[in-house]
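Colleague: Data: start.pdb, PDB, C-alpha atoms, pLDDT in the B column.
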MODEL        1
ATOM      1  CA  MET A   1       5.204  21.087  -5.551  1.00 35.00           C
ATOM      2  CA  GLN A   2       3.467  19.900  -2.397  1.00 39.00           C
ATOM      3  CA  SER A   3       2.450  16.239  -2.436  1.00 44.00           C
ATOM      4  CA  LYS A   4      -1.232  15.403  -2.283  1.00 52.00           C
ATOM      5  CA  HIS A   5      -2.245  13.986   1.083  1.00 48.00           C
ATOM      6  CA  TYR A   6      -4.143  10.697   1.137  1.00 56.00           C
ATOM      7  CA  SER A   7      -5.987   9.118   4.041  1.00 61.00           C
ATOM      8  CA  ALA A   8      -8.055   5.983   4.429  1.00 69.00           C
ATOM      9  CA  ARG A   9     -11.719   6.337   3.568  1.00 75.00           C
ATOM     10  CA  THR A  10     -14.862   4.354   4.263  1.00 81.00           C
ATOM     11  CA  LEU A  11     -16.891   3.373   1.210  1.00 84.00           C
ATOM     12  CA  ASP A  12     -20.394   4.773   1.169  1.00 86.00           C
ATOM     13  CA  ALA A  13     -23.452   2.777   0.103  1.00 87.00           C
ATOM     14  CA  ASN A  14     -23.177   3.723  -3.580  1.00 89.00           C
ATOM     15  CA  ALA A  15     -19.479   2.862  -3.710  1.00 90.00           C
ATOM     16  CA  LEU A  16     -20.130  -0.491  -2.035  1.00 90.00           C
ATOM     17  CA  LYS A  17     -22.801  -1.399  -4.581  1.00 90.00           C
ATOM     18  CA  SER A  18     -20.629  -0.310  -7.487  1.00 91.00           C
ATOM     19  CA  PHE A  19     -17.539  -2.161  -6.240  1.00 92.00           C
ATOM     20  CA  ALA A  20     -19.448  -5.432  -5.792  1.00 92.00           C
ATOM     21  CA  HIS A  21     -18.910  -6.432  -9.423  1.00 94.00           C
ATOM     22  CA  PRO A  22     -16.704  -9.401 -10.422  1.00 93.00           C
ATOM     23  CA  LEU A  23     -14.801  -7.615 -13.183  1.00 95.00           C
ATOM     24  CA  ARG A  24     -14.254  -4.428 -11.151  1.00 95.00           C
ATOM     25  CA  LEU A  25     -12.948  -6.475  -8.252  1.00 94.00           C
ATOM     26  CA  ARG A  26     -10.537  -8.284 -10.580  1.00 94.00           C
ATOM     27  CA  ILE A  27      -9.355  -5.012 -12.147  1.00 96.00           C
ATOM     28  CA  TYR A  28      -8.736  -3.558  -8.697  1.00 94.00           C
ATOM     29  CA  GLU A  29      -6.916  -6.739  -7.665  1.00 92.00           C
ATOM     30  CA  LEU A  30      -4.632  -6.573 -10.731  1.00 93.00           C
ATOM     31  CA  LEU A  31      -3.811  -2.910 -10.088  1.00 93.00           C
ATOM     32  CA  ASP A  32      -3.031  -3.834  -6.493  1.00 89.00           C
ATOM     33  CA  GLU A  33      -0.776  -6.715  -7.554  1.00 86.00           C
ATOM     34  CA  HIS A  34       1.032  -5.126 -10.511  1.00 86.00           C
ATOM     35  CA  GLY A  35       0.844  -1.383  -9.960  1.00 87.00           C
ATOM     36  CA  PRO A  36      -0.246   1.255 -12.517  1.00 91.00           C
ATOM     37  CA  SER A  37      -1.662  -0.107 -15.756  1.00 93.00           C
ATOM     38  CA  THR A  38      -3.664   0.879 -18.828  1.00 95.00           C
ATOM     39  CA  ALA A  39      -7.097  -0.231 -19.968  1.00 95.00           C
ATOM     40  CA  THR A  40      -5.467  -2.020 -22.905  1.00 95.00           C
ATOM     41  CA  ARG A  41      -3.056  -4.024 -20.755  1.00 95.00           C
ATOM     42  CA  LEU A  42      -5.801  -4.922 -18.289  1.00 96.00           C
ATOM     43  CA  ALA A  43      -8.032  -6.022 -21.163  1.00 96.00           C
ATOM     44  CA  GLY A  44      -5.331  -8.435 -22.293  1.00 95.00           C
ATOM     45  CA  LEU A  45      -4.872  -9.860 -18.800  1.00 94.00           C
ATOM     46  CA  LEU A  46      -8.613 -10.302 -18.342  1.00 95.00           C
ATOM     47  CA  ASP A  47      -9.447 -11.470 -21.884  1.00 94.00           C
ATOM     48  CA  GLN A  48     -11.832  -8.537 -22.258  1.00 95.00           C
ATOM     49  CA  ASN A  49     -12.154  -5.765 -24.817  1.00 94.00           C
ATOM     50  CA  THR A  50     -10.661  -2.371 -24.046  1.00 94.00           C
ATOM     51  CA  GLY A  51     -14.067  -0.721 -24.067  1.00 94.00           C
ATOM     52  CA  ALA A  52     -15.210  -2.899 -21.174  1.00 95.00           C
ATOM     53  CA  THR A  53     -12.116  -2.329 -19.052  1.00 96.00           C
ATOM     54  CA  SER A  54     -12.226   1.416 -19.785  1.00 96.00           C
ATOM     55  CA  TYR A  55     -15.842   1.584 -18.609  1.00 96.00           C
ATOM     56  CA  HIS A  56     -15.143  -0.273 -15.376  1.00 96.00           C
ATOM     57  CA  LEU A  57     -12.023   1.791 -14.730  1.00 97.00           C
ATOM     58  CA  ARG A  58     -14.107   4.958 -15.020  1.00 95.00           C
ATOM     59  CA  GLU A  59     -16.679   3.516 -12.614  1.00 95.00           C
ATOM     60  CA  LEU A  60     -13.979   2.699 -10.070  1.00 95.00           C
ATOM     61  CA  ALA A  61     -12.568   6.205 -10.477  1.00 94.00           C
ATOM     62  CA  ARG A  62     -16.019   7.777 -10.086  1.00 93.00           C
ATOM     63  CA  HIS A  63     -16.222   6.296  -6.598  1.00 92.00           C
ATOM     64  CA  GLY A  64     -12.675   7.276  -5.647  1.00 90.00           C
ATOM     65  CA  MET A  65     -11.221   3.755  -5.779  1.00 91.00           C
ATOM     66  CA  ILE A  66      -8.599   4.471  -8.461  1.00 93.00           C
ATOM     67  CA  GLU A  67      -7.077   7.500 -10.175  1.00 92.00           C
ATOM     68  CA  THR A  68      -4.963   8.346 -13.211  1.00 93.00           C
ATOM     69  CA  VAL A  69      -1.186   8.743 -12.922  1.00 90.00           C
ATOM     70  CA  PRO A  70      -0.278  11.985 -14.746  1.00 85.00           C
ATOM     71  CA  GLU A  71       3.433  11.155 -14.760  1.00 85.00           C
ATOM     72  CA  LEU A  72       2.869   8.037 -16.849  1.00 86.00           C
ATOM     73  CA  GLY A  73       1.407   7.569 -20.305  1.00 77.00           C
ATOM     74  CA  LYS A  74       1.811   9.345 -23.628  1.00 78.00           C
ATOM     75  CA  GLY A  75      -0.816  11.213 -25.580  1.00 76.00           C
ATOM     76  CA  LYS A  76      -4.273   9.843 -24.833  1.00 80.00           C
ATOM     77  CA  GLU A  77      -2.865   6.783 -23.062  1.00 85.00           C
ATOM     78  CA  LYS A  78      -3.933   6.697 -19.416  1.00 91.00           C
ATOM     79  CA  TYR A  79      -2.315   4.800 -16.594  1.00 94.00           C
ATOM     80  CA  TRP A  80      -4.500   3.988 -13.606  1.00 95.00           C
ATOM     81  CA  ARG A  81      -3.521   3.174 -10.054  1.00 92.00           C
ATOM     82  CA  ILE A  82      -5.247   2.450  -6.764  1.00 91.00           C
ATOM     83  CA  VAL A  83      -5.869   5.618  -4.775  1.00 89.00           C
ATOM     84  CA  PRO A  84      -3.296   5.585  -1.949  1.00 83.00           C
ATOM     85  CA  GLY A  85      -4.624   5.613   1.582  1.00 79.00           C
ATOM     86  CA  GLY A  86      -6.677   2.444   1.465  1.00 77.00           C
ATOM     87  CA  PHE A  87     -10.320   2.015   2.368  1.00 80.00           C
ATOM     88  CA  SER A  88     -12.666   0.008   4.536  1.00 79.00           C
ATOM     89  CA  TYR A  89     -16.148  -1.363   3.975  1.00 78.00           C
ATOM     90  CA  GLY A  90     -17.251   0.150   7.275  1.00 69.00           C
ATOM     91  CA  ASP A  91     -20.385  -1.054   9.028  1.00 65.00           C
ATOM     92  CA  PRO A  92     -23.197  -1.288   6.499  1.00 55.00           C
ATOM     93  CA  SER A  93     -25.818  -2.399   9.038  1.00 58.00           C
ATOM     94  CA  ALA A  94     -27.546   0.986   9.159  1.00 56.00           C
ATOM     95  CA  ASP A  95     -27.794   1.290   5.375  1.00 53.00           C
ATOM     96  CA  ALA A  96     -28.629  -2.393   4.918  1.00 51.00           C
ATOM     97  CA  SER A  97     -31.902  -2.065   6.822  1.00 57.00           C
ATOM     98  CA  ALA A  98     -33.016   0.656   4.408  1.00 64.00           C
ATOM     99  CA  ASP A  99     -31.370  -0.737   1.272  1.00 79.00           C
ATOM    100  CA  PRO A 100     -31.160  -4.528   0.839  1.00 85.00           C
ATOM    101  CA  GLU A 101     -28.782  -3.966  -2.099  1.00 87.00           C
ATOM    102  CA  VAL A 102     -26.171  -2.681   0.352  1.00 87.00           C
ATOM    103  CA  ALA A 103     -26.438  -5.841   2.444  1.00 87.00           C
ATOM    104  CA  GLY A 104     -26.108  -7.961  -0.695  1.00 90.00           C
ATOM    105  CA  ALA A 105     -23.102  -5.980  -1.921  1.00 91.00           C
ATOM    106  CA  PHE A 106     -21.420  -6.203   1.473  1.00 88.00           C
ATOM    107  CA  ALA A 107     -21.912  -9.985   1.592  1.00 90.00           C
ATOM    108  CA  PHE A 108     -20.545 -10.310  -1.954  1.00 92.00           C
ATOM    109  CA  LEU A 109     -17.447  -8.271  -1.097  1.00 91.00           C
ATOM    110  CA  LEU A 110     -16.764 -10.243   2.093  1.00 90.00           C
ATOM    111  CA  ASP A 111     -17.091 -13.543   0.206  1.00 93.00           C
ATOM    112  CA  ASP A 112     -14.648 -12.265  -2.417  1.00 92.00           C
ATOM    113  CA  LEU A 113     -12.226 -11.158   0.310  1.00 90.00           C
ATOM    114  CA  ILE A 114     -12.276 -14.687   1.747  1.00 92.00           C
ATOM    115  CA  ARG A 115     -11.722 -16.125  -1.755  1.00 92.00           C
ATOM    116  CA  GLN A 116      -8.799 -13.794  -2.384  1.00 91.00           C
ATOM    117  CA  ARG A 117      -7.124 -14.606   0.917  1.00 92.00           C
ATOM    118  CA  GLY A 118      -7.451 -18.333   0.273  1.00 93.00           C
ATOM    119  CA  ALA A 119      -5.957 -17.912  -3.206  1.00 92.00           C
ATOM    120  CA  GLU A 120      -3.059 -15.843  -1.875  1.00 92.00           C
ATOM    121  CA  LEU A 121      -2.226 -18.358   0.838  1.00 93.00           C
ATOM    122  CA  ALA A 122      -2.420 -21.253  -1.641  1.00 94.00           C
ATOM    123  CA  ARG A 123      -0.149 -19.373  -4.054  1.00 92.00           C
ATOM    124  CA  TRP A 124       2.381 -18.748  -1.287  1.00 93.00           C
ATOM    125  CA  ARG A 125       2.485 -22.424  -0.361  1.00 93.00           C
ATOM    126  CA  GLU A 126       3.276 -23.232  -4.000  1.00 94.00           C
ATOM    127  CA  GLU A 127       5.888 -20.488  -4.479  1.00 94.00           C
ATOM    128  CA  GLU A 128       7.627 -20.504  -1.102  1.00 94.00           C
ATOM    129  CA  ALA A 129      10.215 -23.106  -2.180  1.00 93.00           C
ATOM    130  CA  THR A 130      11.384 -20.930  -5.093  1.00 95.00           C
ATOM    131  CA  THR A 131      11.220 -17.574  -3.288  1.00 94.00           C
ATOM    132  CA  PRO A 132      14.527 -15.913  -2.258  1.00 94.00           C
ATOM    133  CA  GLU A 133      15.468 -17.005   1.253  1.00 95.00           C
ATOM    134  CA  GLU A 134      15.553 -13.456   2.662  1.00 95.00           C
ATOM    135  CA  TRP A 135      11.877 -12.997   1.738  1.00 94.00           C
ATOM    136  CA  VAL A 136      10.958 -16.374   3.191  1.00 94.00           C
ATOM    137  CA  GLN A 137      12.644 -15.399   6.441  1.00 94.00           C
ATOM    138  CA  ALA A 138      10.826 -12.037   6.478  1.00 94.00           C
ATOM    139  CA  SER A 139       7.409 -13.606   5.871  1.00 93.00           C
ATOM    140  CA  GLY A 140       5.215 -15.440   8.293  1.00 89.00           C
ATOM    141  CA  PHE A 141       1.703 -16.540   9.064  1.00 84.00           C
ATOM    142  CA  GLY A 142       0.136 -17.992  12.130  1.00 85.00           C
ATOM    143  CA  ARG A 143      -2.934 -18.323  14.271  1.00 86.00           C
ATOM    144  CA  ARG A 144      -3.621 -17.423  17.898  1.00 89.00           C
ATOM    145  CA  SER A 145      -6.628 -18.265  19.998  1.00 90.00           C
ATOM    146  CA  MET A 146      -7.203 -16.360  23.247  1.00 91.00           C
ATOM    147  CA  ARG A 147      -9.983 -15.440  25.646  1.00 91.00           C
ATOM    148  CA  LEU A 148     -10.471 -11.659  25.779  1.00 93.00           C
ATOM    149  CA  THR A 149     -13.154  -9.160  26.713  1.00 93.00           C
ATOM    150  CA  VAL A 150     -14.869  -7.103  24.020  1.00 92.00           C
ATOM    151  CA  ALA A 151     -12.869  -4.033  25.105  1.00 94.00           C
ATOM    152  CA  GLU A 152      -9.562  -5.931  24.928  1.00 96.00           C
ATOM    153  CA  THR A 153     -10.452  -7.353  21.528  1.00 94.00           C
ATOM    154  CA  ARG A 154     -11.326  -3.906  20.184  1.00 93.00           C
ATOM    155  CA  GLN A 155      -8.103  -2.428  21.586  1.00 96.00           C
ATOM    156  CA  MET A 156      -5.971  -5.181  20.057  1.00 95.00           C
ATOM    157  CA  ARG A 157      -7.692  -4.716  16.691  1.00 93.00           C
ATOM    158  CA  ASP A 158      -7.103  -0.965  16.744  1.00 93.00           C
ATOM    159  CA  GLU A 159      -3.439  -1.336  17.750  1.00 96.00           C
ATOM    160  CA  VAL A 160      -2.781  -3.799  14.929  1.00 94.00           C
ATOM    161  CA  PHE A 161      -4.475  -1.517  12.430  1.00 90.00           C
ATOM    162  CA  GLU A 162      -2.324   1.381  13.646  1.00 92.00           C
ATOM    163  CA  VAL A 163       0.800  -0.627  12.795  1.00 94.00           C
ATOM    164  CA  LEU A 164      -0.632  -1.580   9.388  1.00 91.00           C
ATOM    165  CA  GLU A 165      -1.491   2.059   8.665  1.00 89.00           C
ATOM    166  CA  LYS A 166       2.061   3.118   9.554  1.00 91.00           C
ATOM    167  CA  TYR A 167       3.578   0.829   6.942  1.00 92.00           C
ATOM    168  CA  ARG A 168       0.810   1.475   4.427  1.00 89.00           C
ATOM    169  CA  ALA A 169       1.735   5.181   4.578  1.00 88.00           C
ATOM    170  CA  VAL A 170       5.399   4.315   3.914  1.00 90.00           C
ATOM    171  CA  ALA A 171       4.429   2.186   0.906  1.00 87.00           C
ATOM    172  CA  ASP A 172       1.997   4.811  -0.417  1.00 85.00           C
ATOM    173  CA  ARG A 173       4.638   7.520  -0.272  1.00 86.00           C
ATOM    174  CA  ARG A 174       7.025   5.308  -2.233  1.00 85.00           C
ATOM    175  CA  GLU A 175       4.354   4.679  -4.898  1.00 81.00           C
ATOM    176  CA  ILE A 176       3.550   8.395  -5.194  1.00 80.00           C
ATOM    177  CA  ASP A 177       7.185   9.508  -5.396  1.00 81.00           C
ATOM    178  CA  SER A 178       8.175   6.916  -8.028  1.00 79.00           C
ATOM    179  CA  PRO A 179       5.086   5.840 -10.010  1.00 77.00           C
ATOM    180  CA  GLY A 180       5.770   2.933 -12.323  1.00 71.00           C
ATOM    181  CA  ALA A 181       9.373   2.620 -11.117  1.00 77.00           C
ATOM    182  CA  PRO A 182       9.429   0.355  -8.060  1.00 79.00           C
ATOM    183  CA  ASP A 183      12.511   0.323  -5.867  1.00 84.00           C
ATOM    184  CA  PRO A 184      14.336  -2.950  -6.703  1.00 86.00           C
ATOM    185  CA  ALA A 185      14.949  -3.466  -2.989  1.00 89.00           C
ATOM    186  CA  THR A 186      11.197  -3.710  -2.360  1.00 89.00           C
ATOM    187  CA  GLY A 187       8.654  -6.418  -2.993  1.00 89.00           C
ATOM    188  CA  ARG A 188       4.868  -6.297  -2.892  1.00 88.00           C
ATOM    189  CA  VAL A 189       3.639  -7.995   0.270  1.00 90.00           C
ATOM    190  CA  VAL A 190       0.136  -8.763   1.481  1.00 89.00           C
ATOM    191  CA  VAL A 191      -0.954  -8.773   5.121  1.00 90.00           C
ATOM    192  CA  HIS A 192      -4.007 -10.698   6.301  1.00 89.00           C
ATOM    193  CA  PHE A 193      -5.472  -9.815   9.677  1.00 88.00           C
ATOM    194  CA  ASP A 194      -8.714 -11.057  11.174  1.00 88.00           C
ATOM    195  CA  VAL A 195     -10.077 -10.963  14.692  1.00 89.00           C
ATOM    196  CA  LEU A 196     -13.386 -12.698  15.301  1.00 87.00           C
ATOM    197  CA  PRO A 197     -15.106 -14.933  17.842  1.00 87.00           C
ATOM    198  CA  VAL A 198     -14.183 -18.599  17.523  1.00 81.00           C
ATOM    199  CA  SER A 199     -17.905 -19.359  17.624  1.00 72.00           C
ATOM    200  CA  GLY A 200     -20.923 -17.146  17.854  1.00 62.00           C
ATOM    201  CA  LYS A 201     -22.309 -19.633  20.373  1.00 63.00           C
ATOM    202  CA  ASP A 202     -19.366 -18.932  22.699  1.00 64.00           C
ATOM    203  CA  VAL A 203     -20.099 -15.218  23.175  1.00 60.00           C
ATOM    204  CA  LEU A 204     -22.955 -13.491  24.929  1.00 58.00           C
ATOM    205  CA  PRO A 205     -24.186  -9.906  24.666  1.00 62.00           C
ATOM    206  CA  VAL A 206     -22.373  -7.749  27.194  1.00 59.00           C
ATOM    207  CA  SER A 207     -22.889  -4.259  28.573  1.00 54.00           C
ATOM    208  CA  GLY A 208     -21.035  -1.845  30.795  1.00 51.00           C
ATOM    209  CA  GLU A 209     -17.283  -1.428  30.980  1.00 47.00           C
ATOM    210  CA  GLY A 210     -16.380  -4.584  29.077  1.00 45.00           C
ATOM    211  CA  ALA A 211     -18.622  -3.767  26.140  1.00 41.00           C
TER     212      ALA A 211
ENDMDL
END
Once more with this new file: its structure as structure tokens, please.
Modeller:
Amino acid sequence: MQSKHYSARTLDANALKSFAHPLRLRIYELLDEHGPSTATRLAGLLDQNTGATSYHLRELARHGMIETVPELGKGKEKYWRIVPGGFSYGDPSADASADPEVAGAFAFLLDDLIRQRGAELARWREEEATTPEEWVQASGFGRRSMRLTVAETRQMRDEVFEVLEKYRAVADRREIDSPGAPDPATGRVVVHFDVLPVSGKDVLPVSGEGA
């Protein structure tokens, strides 16, 4: 049977507004961290009732964020996983002018992304000492500051995302081929990447070739 093809998608306005919900974000985060799971297991992890987690799982699925895993589960039991391919929030500026809810949802999601990154970095600092040495050696984080044109900055961003997409595709294929049975040689890793002006006061509007 031919494997289903997945590609990254940009969330539309309705998906953005639906995703900007604390419990849905946490459910998505748990599926990302632990792989396929059921509404019952998620309810236990979140101290919620199964009805609530089932509802929010269906809402996430309605907007293409997650999907069921047919290979897992027995009877009426459903396992859910993140839809492979990833997604982006896109540029909501056009929709935000017509729909303030989109702007509010986008701000909420960005704030949660910053919270999640801070929590992940803090966790790593606590767990690094007890992590197997080969994973410590393979990990890394750092910061670079450089003066670039807008065109150079955009090119660097796109090149980095190309590399991330390459390895995301490898990981997605592994998840699809062996749902619920991770390769013991693998570990779940998270990659943070940001490129932004050091200060808004340090950049001026530009036009022409460097724009």
Colleague: Applying the PyMOL selection byres ((chain A and resi 87) around 7) to the file I just gave you, which residues come out? Please list them as a list in words.
Modeller: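 Checking the PyMOL selection byres ((chain A and resi 87) around 7) against this file, the residues are Ala8, Arg9, Thr10, Leu11, Gly85, Gly86, Ser88 and Tyr89 of chain A.
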Colleague: Between A:Thr68, A:Trp124, A:Ala185, A:Asp47, which has the minimum distance to Ser139 of chain A (counting all atoms listed in the file)?
Modeller: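 Among the listed residues, the smallest separation from Ser139 of chain A belongs to A:Trp124.
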Colleague: Write out as a ChimeraX atom specification the residues lying within 12 Å of Thr40 of chain A, counting only C-alpha atoms and excluding same-chain residues fewer than 4 positions away.
Modeller: /A:27,44-55,57,77-80
Colleague: Check the smallest atom-to-atom distance from each of A:Leu25, A:Val102, A:Ala169, A:Leu164 to Ile66 of chain A using only C-alpha atoms, then report the winner.
Modeller: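 That would be A:Leu25, the residue with the smallest distance to Ile66 of chain A.
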Colleague: List the spatial neighbours of Pro84 of chain A as a PDB file with C-alpha atoms, in the coordinates of the input - criterion: any atom at most 12 Å away, all atoms listed in the file, same-chain residues fewer than 3 positions off excluded.
Modeller:
ATOM      1  CA  LYS A   4      -1.232  15.403  -2.283  1.00 52.00           C
ATOM      2  CA  HIS A   5      -2.245  13.986   1.083  1.00 48.00           C
ATOM      3  CA  TYR A   6      -4.143  10.697   1.137  1.00 56.00           C
ATOM      4  CA  SER A   7      -5.987   9.118   4.041  1.00 61.00           C
ATOM      5  CA  ALA A   8      -8.055   5.983   4.429  1.00 69.00           C
ATOM      6  CA  ARG A   9     -11.719   6.337   3.568  1.00 75.00           C
ATOM      7  CA  LEU A  31      -3.811  -2.910 -10.088  1.00 93.00           C
ATOM      8  CA  ASP A  32      -3.031  -3.834  -6.493  1.00 89.00           C
ATOM      9  CA  GLY A  35       0.844  -1.383  -9.960  1.00 87.00           C
ATOM     10  CA  PRO A  36      -0.246   1.255 -12.517  1.00 91.00           C
ATOM     11  CA  GLY A  64     -12.675   7.276  -5.647  1.00 90.00           C
ATOM     12  CA  MET A  65     -11.221   3.755  -5.779  1.00 91.00           C
ATOM     13  CA  ILE A  66      -8.599   4.471  -8.461  1.00 93.00           C
ATOM     14  CA  GLU A  67      -7.077   7.500 -10.175  1.00 92.00           C
ATOM     15  CA  THR A  68      -4.963   8.346 -13.211  1.00 93.00           C
ATOM     16  CA  VAL A  69      -1.186   8.743 -12.922  1.00 90.00           C
ATOM     17  CA  TRP A  80      -4.500   3.988 -13.606  1.00 95.00           C
ATOM     18  CA  ARG A  81      -3.521   3.174 -10.054  1.00 92.00           C
ATOM     19  CA  PHE A  87     -10.320   2.015   2.368  1.00 80.00           C
ATOM     20  CA  GLU A 165      -1.491   2.059   8.665  1.00 89.00           C
ATOM     21  CA  ARG A 168       0.810   1.475   4.427  1.00 89.00           C
ATOM     22  CA  ALA A 169       1.735   5.181   4.578  1.00 88.00           C
ATOM     23  CA  VAL A 170       5.399   4.315   3.914  1.00 90.00           C
ATOM     24  CA  ALA A 171       4.429   2.186   0.906  1.00 87.00           C
ATOM     25  CA  ASP A 172       1.997   4.811  -0.417  1.00 85.00           C
ATOM     26  CA  ARG A 173       4.638   7.520  -0.272  1.00 86.00           C
ATOM     27  CA  ARG A 174       7.025   5.308  -2.233  1.00 85.00           C
ATOM     28  CA  GLU A 175       4.354   4.679  -4.898  1.00 81.00           C
ATOM     29  CA  ILE A 176       3.550   8.395  -5.194  1.00 80.00           C
ATOM     30  CA  ASP A 177       7.185   9.508  -5.396  1.00 81.00           C
ATOM     31  CA  PRO A 179       5.086   5.840 -10.010  1.00 77.00           C
TER      32      PRO A 179
END
Colleague: Between A:Ala129, A:Met146, A:Val83, A:Ala43, single out the one closest to Ala61 of chain A, counting all atoms listed in the file.
Modeller: A:Val83
